[in-house]
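So this block is final_8.pdb, PDB, C-alpha atoms and all ligand atoms:
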```pdb
ATOM      1  CA  MET W  16       0.000   0.000   0.000
ATOM      2  CA  SER W  17       1.124   3.520  -0.553
ATOM      3  CA  ILE W  18      -0.016   7.053  -0.005
ATOM      4  CA  ARG W  19      -0.568   8.772  -3.322
ATOM      5  CA  PRO W  20      -0.296  12.501  -3.996
ATOM      6  CA  LEU W  21      -3.602  14.352  -4.058
ATOM      7  CA  VAL W  22      -4.833  16.246  -7.097
ATOM      8  CA  ILE W  23      -5.473  19.847  -6.002
ATOM      9  CA  LEU W  24      -7.685  22.594  -7.414
ATOM     10  CA  PRO W  25      -7.430  24.015 -10.137
ATOM     11  CA  ASP W  26      -6.006  20.836 -11.722
ATOM     12  CA  PRO W  27      -8.197  20.159 -14.810
ATOM     13  CA  LEU W  28      -8.248  16.434 -13.903
ATOM     14  CA  LEU W  29     -10.855  17.302 -11.282
ATOM     15  CA  ARG W  30     -13.250  18.352 -14.049
ATOM     16  CA  LEU W  31     -13.086  15.074 -15.989
ATOM     17  CA  VAL W  32     -15.909  12.528 -15.985
ATOM     18  CA  SER W  33     -14.527   9.229 -14.667
ATOM     19  CA  ASP W  34     -14.871   5.963 -16.578
ATOM     20  CA  THR W  35     -16.971   2.991 -15.538
ATOM     21  CA  VAL W  36     -14.864   0.159 -14.106
ATOM     22  CA  VAL W  37     -15.193  -2.885 -16.351
ATOM     23  CA  ASN W  38     -12.848  -5.381 -14.695
ATOM     24  CA  THR W  39     -12.455  -5.470 -10.926
ATOM     25  CA  ASP W  40      -8.962  -6.909 -11.193
ATOM     26  CA  SER W  41      -5.931  -6.756  -8.893
ATOM     27  CA  THR W  42      -4.976  -3.248 -10.063
ATOM     28  CA  ILE W  43      -8.355  -2.039  -8.786
ATOM     29  CA  LYS W  44      -7.760  -3.842  -5.483
ATOM     30  CA  THR W  45      -4.383  -2.105  -5.069
ATOM     31  CA  LEU W  46      -5.901   1.202  -6.082
ATOM     32  CA  ILE W  47      -8.605   0.884  -3.415
ATOM     33  CA  GLU W  48      -6.002  -0.002  -0.750
ATOM     34  CA  ASP W  49      -4.007   3.076  -1.718
ATOM     35  CA  MET W  50      -7.147   5.213  -1.674
ATOM     36  CA  PHE W  51      -7.966   4.115   1.889
ATOM     37  CA  GLU W  52      -4.410   4.751   3.028
ATOM     38  CA  THR W  53      -4.329   8.177   1.372
ATOM     39  CA  MET W  54      -7.772   9.075   2.745
ATOM     40  CA  TYR W  55      -7.035   8.056   6.351
ATOM     41  CA  GLU W  56      -3.628   9.731   6.282
ATOM     42  CA  ALA W  57      -4.988  13.075   5.037
ATOM     43  CA  PRO W  58      -7.255  12.676   7.112
ATOM     44  CA  GLY W  59     -10.482  12.629   5.149
ATOM     45  CA  VAL W  60     -13.862  10.898   5.257
ATOM     46  CA  GLY W  61     -14.188  10.231   1.533
ATOM     47  CA  LEU W  62     -12.065  10.012  -1.597
ATOM     48  CA  ALA W  63     -12.764   9.562  -5.301
ATOM     49  CA  ALA W  64     -10.107   7.878  -7.463
ATOM     50  CA  VAL W  65      -9.791  10.990  -9.642
ATOM     51  CA  GLN W  66      -8.425  12.791  -6.583
ATOM     52  CA  ILE W  67      -5.300  10.649  -6.866
ATOM     53  CA  GLY W  68      -5.290  11.029 -10.634
ATOM     54  CA  VAL W  69      -7.143   7.865 -11.677
ATOM     55  CA  THR W  70     -10.296   8.675 -13.657
ATOM     56  CA  GLN W  71     -12.212   5.523 -12.765
ATOM     57  CA  ARG W  72     -15.534   5.379 -10.947
ATOM     58  CA  ILE W  73     -14.286   4.308  -7.523
ATOM     59  CA  VAL W  74     -15.004   5.846  -4.119
ATOM     60  CA  THR W  75     -13.710   5.076  -0.642
ATOM     61  CA  MET W  76     -15.413   6.486   2.412
ATOM     62  CA  ASP W  77     -15.678   6.196   6.172
ATOM     63  CA  PRO W  78     -18.393   8.223   7.900
ATOM     64  CA  ALA W  79     -17.271   7.182  11.425
ATOM     65  CA  ARG W  80     -16.641  10.222  13.575
ATOM     66  CA  GLY W  81     -14.761  10.869  16.765
ATOM     67  CA  ASP W  82     -14.177   7.652  18.704
ATOM     68  CA  GLU W  83     -16.649   5.599  16.648
ATOM     69  CA  GLU W  84     -15.293   2.370  15.228
ATOM     70  CA  LYS W  85     -13.891   2.614  11.697
ATOM     71  CA  ALA W  86     -16.461   1.903   8.991
ATOM     72  CA  PRO W  87     -14.548   1.723   5.699
ATOM     73  CA  LEU W  88     -16.574   1.244   2.535
ATOM     74  CA  ALA W  89     -15.314   0.976  -1.053
ATOM     75  CA  LEU W  90     -17.815   1.497  -3.852
ATOM     76  CA  ILE W  91     -17.163   0.696  -7.501
ATOM     77  CA  ASN W  92     -19.395   2.339 -10.134
ATOM     78  CA  PRO W  93     -21.618   3.904  -7.453
ATOM     79  CA  GLU W  94     -24.826   5.604  -8.520
ATOM     80  CA  ILE W  95     -27.651   7.360  -6.744
ATOM     81  CA  ILE W  96     -30.878   5.505  -7.571
ATOM     82  CA  TRP W  97     -33.218   7.667  -5.481
ATOM     83  CA  SER W  98     -33.003  10.616  -3.156
ATOM     84  CA  SER W  99     -35.291  12.028  -0.488
ATOM     85  CA  ASP W 100     -37.184  15.301  -0.802
ATOM     86  CA  THR W 101     -35.987  16.213   2.664
ATOM     87  CA  THR W 102     -32.588  17.886   2.768
ATOM     88  CA  SER W 103     -29.776  18.347   5.236
ATOM     89  CA  GLU W 104     -26.964  20.839   5.464
ATOM     90  CA  TYR W 105     -23.356  20.055   6.235
ATOM     91  CA  GLU W 106     -20.257  22.161   6.202
ATOM     92  CA  GLU W 107     -18.235  20.336   3.557
ATOM     93  CA  GLY W 108     -14.573  20.296   2.762
ATOM     94  CA  CYS W 109     -12.544  18.442   0.150
ATOM     95  CA  LEU W 110      -9.034  16.994   0.147
ATOM     96  CA  SER W 111      -8.575  18.597  -3.294
ATOM     97  CA  ILE W 112      -9.491  22.035  -1.906
ATOM     98  CA  PRO W 113      -7.497  22.120   1.339
ATOM     99  CA  GLU W 114      -8.561  24.313   4.220
ATOM    100  CA  PHE W 115     -11.700  25.627   2.546
ATOM    101  CA  TYR W 116     -15.171  24.828   3.833
ATOM    102  CA  GLY W 117     -18.696  25.703   2.803
ATOM    103  CA  VAL W 118     -22.230  24.729   3.760
ATOM    104  CA  VAL W 119     -23.947  22.585   1.112
ATOM    105  CA  THR W 120     -27.595  21.505   1.063
ATOM    106  CA  ARG W 121     -28.234  18.008  -0.306
ATOM    107  CA  PRO W 122     -30.935  15.324  -0.064
ATOM    108  CA  GLU W 123     -30.937  13.874   3.446
ATOM    109  CA  LYS W 124     -31.283  10.254   2.309
ATOM    110  CA  VAL W 125     -30.194   8.480  -0.862
ATOM    111  CA  GLY W 126     -30.287   4.997  -2.293
ATOM    112  CA  VAL W 127     -26.914   3.923  -3.667
ATOM    113  CA  ARG W 128     -26.172   1.080  -6.058
ATOM    114  CA  TYR W 129     -22.595  -0.136  -6.539
ATOM    115  CA  ILE W 130     -20.456  -3.223  -6.947
ATOM    116  CA  ASP W 131     -17.656  -4.520  -4.753
ATOM    117  CA  LEU W 132     -14.271  -6.004  -5.707
ATOM    118  CA  ASP W 133     -15.885  -9.360  -6.472
ATOM    119  CA  GLY W 134     -18.260  -7.672  -8.891
ATOM    120  CA  LYS W 135     -21.151  -8.321  -6.540
ATOM    121  CA  ALA W 136     -23.955  -5.751  -6.764
ATOM    122  CA  PHE W 137     -25.310  -3.945  -3.697
ATOM    123  CA  GLU W 138     -28.006  -1.429  -2.936
ATOM    124  CA  ARG W 139     -27.996   0.439   0.301
ATOM    125  CA  GLU W 140     -29.716   3.376   1.887
ATOM    126  CA  MET W 141     -27.539   6.110   3.321
ATOM    127  CA  ASP W 142     -28.589   9.032   5.443
ATOM    128  CA  GLY W 143     -27.070  11.893   7.380
ATOM    129  CA  PHE W 144     -23.322  12.288   7.123
ATOM    130  CA  ALA W 145     -22.863   9.154   4.965
ATOM    131  CA  ALA W 146     -25.446  10.447   2.456
ATOM    132  CA  THR W 147     -23.590  13.747   2.184
ATOM    133  CA  ILE W 148     -20.245  11.994   1.692
ATOM    134  CA  ILE W 149     -21.433   9.666  -1.063
ATOM    135  CA  GLN W 150     -23.154  12.514  -2.926
ATOM    136  CA  HIS W 151     -20.002  14.632  -2.663
ATOM    137  CA  GLU W 152     -17.870  11.734  -3.960
ATOM    138  CA  ILE W 153     -20.213  10.799  -6.813
ATOM    139  CA  ASP W 154     -20.078  14.481  -7.816
ATOM    140  CA  HIS W 155     -16.300  13.998  -8.200
ATOM    141  CA  LEU W 156     -16.929  11.129 -10.641
ATOM    142  CA  GLU W 157     -18.913  13.604 -12.770
ATOM    143  CA  GLY W 158     -16.233  16.295 -12.567
ATOM    144  CA  ARG W 159     -18.271  18.293 -10.067
ATOM    145  CA  LEU W 160     -16.907  19.846  -6.876
ATOM    146  CA  PHE W 161     -18.701  20.933  -3.733
ATOM    147  CA  ILE W 162     -17.827  24.551  -4.513
ATOM    148  CA  ASP W 163     -20.164  24.234  -7.526
ATOM    149  CA  HIS W 164     -23.002  24.116  -4.982
ATOM    150  CA  LEU W 165     -21.963  27.430  -3.398
ATOM    151  CA  SER W 166     -22.720  30.943  -4.604
ATOM    152  CA  ARG W 167     -20.857  32.125  -7.679
ATOM    153  CA  LEU W 168     -19.093  34.759  -5.617
ATOM    154  CA  LYS W 169     -17.742  32.221  -3.116
ATOM    155  CA  ARG W 170     -16.762  29.801  -5.874
ATOM    156  CA  GLU W 171     -14.850  32.431  -7.840
ATOM    157  CA  ARG W 172     -13.114  33.633  -4.725
ATOM    158  CA  VAL W 173     -11.808  30.172  -3.808
ATOM    159  CA  LEU W 174     -10.875  29.426  -7.428
ATOM    160  CA  LYS W 175      -8.810  32.604  -7.651
ATOM    161  CA  LYS W 176      -7.063  31.788  -4.398
ATOM    162  CA  PHE W 177      -6.074  28.304  -5.596
ATOM    163  CA  GLN W 178      -5.045  29.548  -9.041
ATOM    164  CA  LYS W 179      -2.717  32.005  -7.357
ATOM    165  CA  LEU W 180      -1.277  29.269  -5.107
ATOM    166  CA  ALA W 181      -0.731  26.962  -8.110
ATOM    167  CA  ARG W 182       1.090  29.701 -10.012
ATOM    168  CA  ARG W 183       3.323  30.349  -7.048
ATOM    169  CA  GLU W 184       4.170  26.662  -6.656
ATOM    170  CA  GLY W 185       4.662  26.298 -10.404
ATOM    171  CA  GLY W 186       7.271  29.033 -10.184
ATOM    172  CA  GLU W 187       5.624  31.127 -12.905
TER
HETATM  173 NI    NI W 201     -13.982  16.093  -2.404
END
```

Now that the file is in, can you turn its structure into structure tokens?
Ligand code: NI
Amino acid sequence: MSIRPLVILPDPLLRLVSDTVVNTDSTIKTLIEDMFETMYEAPGVGLAAVQIGVTQRIVTMDPARGDEEKAPLALINPEIIWSSDTTSEYEEGCLSIPEFYGVVTRPEKVGVRYIDLDGKAFEREMDGFAATIIQHEIDHLEGRLFIDHLSRLKRERVLKKFQKLARREGGE
């Protein structure tokens, strides 16, 4: 297992639509192990493969908080199959947009369909924090970021900040 470097805003990779996983082979298994290690190290509660530069539809997450027992979950080709009319608000952050947070309103409950490493299909209901995480991560698979859910003013402000940082680090 290894910790992989995170893709940071405004890297155009973050805007790509990820590909459906066709074969859940050993490279996918290794990728998922690396995603968990990278996510826990950060630390973060969710990670999409594109955030370590792999544009495949894979998500790792762990909604456990505080001293709760770890609850790791890897989802391959996850999709939202229904969502509740009721909404909840969470202050979200993203490992690709370090140290920036914003309140996002999303459906409170969702139904998620996905496959595991054995290619076995699952459907599960998620609510609360887990529902927010999976919606945030599936957004990543579509090239969407949580800042897209904020006001245009806030989004442009954070974009400018990260563009400036990238230029500085690029030595331009
Ligand atoms: Ni994110």

At a cut-off of 7 Å around ligand NI 201 (chain W), and using all atoms listed in the file, what residues come up? Please write them as an mmCIF file with C-alpha atoms, in the coordinates of the input.
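Output file selection.cif follows:
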```cif
data_model
loop_
_atom_site.group_PDB
_atom_site.id
_atom_site.type_symbol
_atom_site.label_atom_id
_atom_site.label_comp_id
_atom_site.auth_asym_id
_atom_site.auth_seq_id
_atom_site.Cartn_x
_atom_site.Cartn_y
_atom_site.Cartn_z
ATOM 1 C CA LEU W 62 -12.065 10.012 -1.597
ATOM 2 C CA GLY W 108 -14.573 20.296 2.762
ATOM 3 C CA CYS W 109 -12.544 18.442 0.150
ATOM 4 C CA LEU W 110 -9.034 16.994 0.147
ATOM 5 C CA SER W 111 -8.575 18.597 -3.294
ATOM 6 C CA HIS W 151 -20.002 14.632 -2.663
ATOM 7 C CA GLU W 152 -17.870 11.734 -3.960
ATOM 8 C CA HIS W 155 -16.300 13.998 -8.200
ATOM 9 C CA LEU W 160 -16.907 19.846 -6.876
ATOM 10 C CA PHE W 161 -18.701 20.933 -3.733
#
```

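Candidate residues W:Arg139, W:Arg72, W:Lys169, W:Arg19 were compared for distance to Asp49 of chain W, and the nearest is W:Arg19, using only C-alpha atoms.
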
Among listed residues W:Asp131, W:Asp26, W:Glu157, W:Asp142, nearest Leu174 of chain W (using only C-alpha atoms):
W:Asp26

Shell around segment 92-95 of chain W at 10 Å using all atoms listed in the file, local window under 5 positions removed, as a ChimeraX atom specification
/W:33-37,71-74,125-131,136-140,146,149-150,152-153,156

Any chance you could resolve the PyMOL selection byres (((chain W and resi 116) around 10) and not hetatm) against this file and give the residues as a PyMOL selection string?
chain W and resi 105-109+112-115+117-119+161-162+173

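For the atom pair formed by atom CA of Gly61 of chain W and atom CA of Ile91 of chain W, the distance is 13.5 Å, given to one decimal.
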
Segment 138-171 of chain W residues near segment 100-104 of chain W within 12 Å, closest pair each, using all atoms listed in the file, as a tab-separated table:
```
residue	atom	partner	partner_atom	distance
W:Asp142	CA	W:Ser103	CA	9.4
W:Gly143	CA	W:Ser103	CA	7.3
W:Phe144	CA	W:Ser103	CA	9.1
W:Ala145	CA	W:Ser103	CA	11.5
W:Ala146	CA	W:Ser103	CA	9.4
W:Thr147	CA	W:Ser103	CA	8.3
W:Ile148	CA	W:Glu104	CA	11.7
W:His164	CA	W:Glu104	CA	11.6
```

Residues from last step as file, C-alpha atoms, as a short mmCIF file (atom, residue, chain, number, x, y, z; two decimals), in the coordinates of the input:
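Wrote selection.cif, looks like this:
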```
data_model
loop_
_atom_site.label_atom_id
_atom_site.label_comp_id
_atom_site.auth_asym_id
_atom_site.auth_seq_id
_atom_site.Cartn_x
_atom_site.Cartn_y
_atom_site.Cartn_z
CA ASP W 142 -28.59 9.03 5.44
CA GLY W 143 -27.07 11.89 7.38
CA PHE W 144 -23.32 12.29 7.12
CA ALA W 145 -22.86 9.15 4.96
CA ALA W 146 -25.45 10.45 2.46
CA THR W 147 -23.59 13.75 2.18
CA ILE W 148 -20.24 11.99 1.69
CA HIS W 164 -23.00 24.12 -4.98
#
```

Just how far from atom CA of Leu90 of chain W is atom CA of Met50 of chain W, in Å to one decimal?
11.5 Å

Quick one: residues within 9 Å of Phe177 of chain W, all atoms listed in the file, excluding same-chain residues fewer than 3 positions away - as a list in words?
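The residues that qualify are Ile23, Leu24, Pro25, Ile112, Arg172, Val173, Leu174, Leu180, Ala181 and Arg182 of chain W.
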
Give the answer as one residue: which of W:Glu171, W:Glu184, W:Asp154, W:Asp163 has the shortest atom-to-atom distance to Ala63 of chain W, using all atoms listed in the file?
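Nearest to Ala63 of chain W: W:Asp154.
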
Counting only C-alpha atoms, which of W:Leu29, W:Asp133, W:Lys124, W:Val69 gets nearest to Ile96 of chain W?
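With only C-alpha atoms as the atom set, the closest residue is W:Lys124.
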
Starting from the PyMOL selection byres (((chain W and resi 60) around 9) and not hetatm), expand the selection into actual residues of this file and give them as a PDB file with C-alpha atoms, in the frame of the given file.
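Written output follows (expr_1.pdb):
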```
ATOM      1  CA  MET W  54      -7.772   9.075   2.745  1.00  0.00           C
ATOM      2  CA  TYR W  55      -7.035   8.056   6.351  1.00  0.00           C
ATOM      3  CA  PRO W  58      -7.255  12.676   7.112  1.00  0.00           C
ATOM      4  CA  GLY W  59     -10.482  12.629   5.149  1.00  0.00           C
ATOM      5  CA  GLY W  61     -14.188  10.231   1.533  1.00  0.00           C
ATOM      6  CA  LEU W  62     -12.065  10.012  -1.597  1.00  0.00           C
ATOM      7  CA  THR W  75     -13.710   5.076  -0.642  1.00  0.00           C
ATOM      8  CA  MET W  76     -15.413   6.486   2.412  1.00  0.00           C
ATOM      9  CA  ASP W  77     -15.678   6.196   6.172  1.00  0.00           C
ATOM     10  CA  PRO W  78     -18.393   8.223   7.900  1.00  0.00           C
ATOM     11  CA  ALA W  79     -17.271   7.182  11.425  1.00  0.00           C
ATOM     12  CA  ARG W  80     -16.641  10.222  13.575  1.00  0.00           C
ATOM     13  CA  ILE W 148     -20.245  11.994   1.692  1.00  0.00           C
TER      14      ILE W 148
END
```

What is the atom CA of Val65 of chain W to atom CA of Ile47 of chain W distance in Å?
11.9 Å

Let me make sure I understand: among W:Gly185, W:Pro27, W:Pro87, W:Gly68, which one has the smallest atom-to-atom distance to Arg159 of chain W if we use all atoms listed in the file?
W:Pro27

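If all atoms listed in the file are the atoms counted, then among W:Leu31, W:Ala86, W:Leu21, W:Met16 the closest residue to Leu46 of chain W is W:Met16.
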